[in-house]
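Following: one structure in structure tokens, then a few remarks.
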Amino acid sequence: MTHPRERVIEDYLLTQCRAHGFLCLKFVSPARRGVPDRIVVALGRIVFVEVKRPGGQLRKLQQLTHAKLRRHGAEVHVVDDKPSIDVFIAHLLRTSSNQQRAAP
């Protein structure tokens with residue numbers, strides 16, 4: 001069950017993604033615990049996002065799962081407050097525009 005303060009952070013992520021035209025999908029994998037909470041599809045990219053309550057820490061299983069996803073080439077972010085979401089959104093916008101400039 002989502003902690004109430006975590007819900008506020010997740011709602012803000014969803015609001016910011018929608019405001020930028022990104023998909024922000026709830027990610028549930030019944031057979032595998034420790035997967036990130038959300039998948040953000042933005043500007044031709046697919047990014048996993050773990051939402052924590054302010055100051056919350058990843059559980060060991062989450063750390064291991066995130067590391068495994070990264071080893072397989074996935075981009076995984078952890079957000080725990082509104083400023084970290086703003087940084088995440090800015091990262092998506094910045095790296096997307098850099099990729100578009102580099103395209104032939």
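Residues in the structure tokens are named by chain (A, B, ... in the order shown) and by number from 1 within that chain; ligands are numbered from 1 in the order shown.
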* To do: Show which residues sit within 12 Å of A:Ala90, as a ChimeraX atom specification. Count only C-alpha atoms, and ignore same-chain residues fewer than 5 positions away.
  => /A:16-17,20,42,83-85,95-97
* To do: Write out as a PyMOL selection string each polymer residue whose atoms come within 7 Å of A:Glu50, counting only C-alpha atoms; drop sequence neighbours fewer than 3 positions from it.
  => chain A and resi 36-38+77-79
* **Exercise: A:Val49 partners within 12 Å, only C-alpha atoms, chain neighbours under 4 positions left out, as a VMD selection string** => chain A and resid 9 to 10 13 to 14 17 24 to 27 34 to 41 62 66 69 74 to 80 84 to 85 88 to 89
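One distance worth recording is that between atom CA of A:Val8 and atom CA of A:Asp81, which is 8.8 Å.
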* Tell me, which residues of chain A carry DSSP alpha helix (DSSP H), written as a PyMOL selection string? -> chain A and resi 4-19+60-71+82-102
* Structure fact -> re atom CA of A:Pro30 and atom CA of A:His91: distance 29.9 Å
* Can you tell me how far atom CA of A:Leu92 sits from atom CA of A:Ala67, in Å to one decimal? -> 20.2 Å
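For stretch 4-102 of chain A, backbone-based DSSP assignment of strand (DSSP E or B) covers Leu23, Cys24, Leu25, Lys26, Arg38, Ile39, Val40, Val41, Ala42, Arg45, Ile46, Val47, Phe48, Val49, Glu50, Val51, Glu75, Val76, His77, Val78 and Val79 of chain A.
Restricting the calculation to only C-alpha atoms, the smallest distance between A:Leu64 and any of A:Arg7, A:Arg18, A:Leu23, A:Arg32 is found for A:Arg32.
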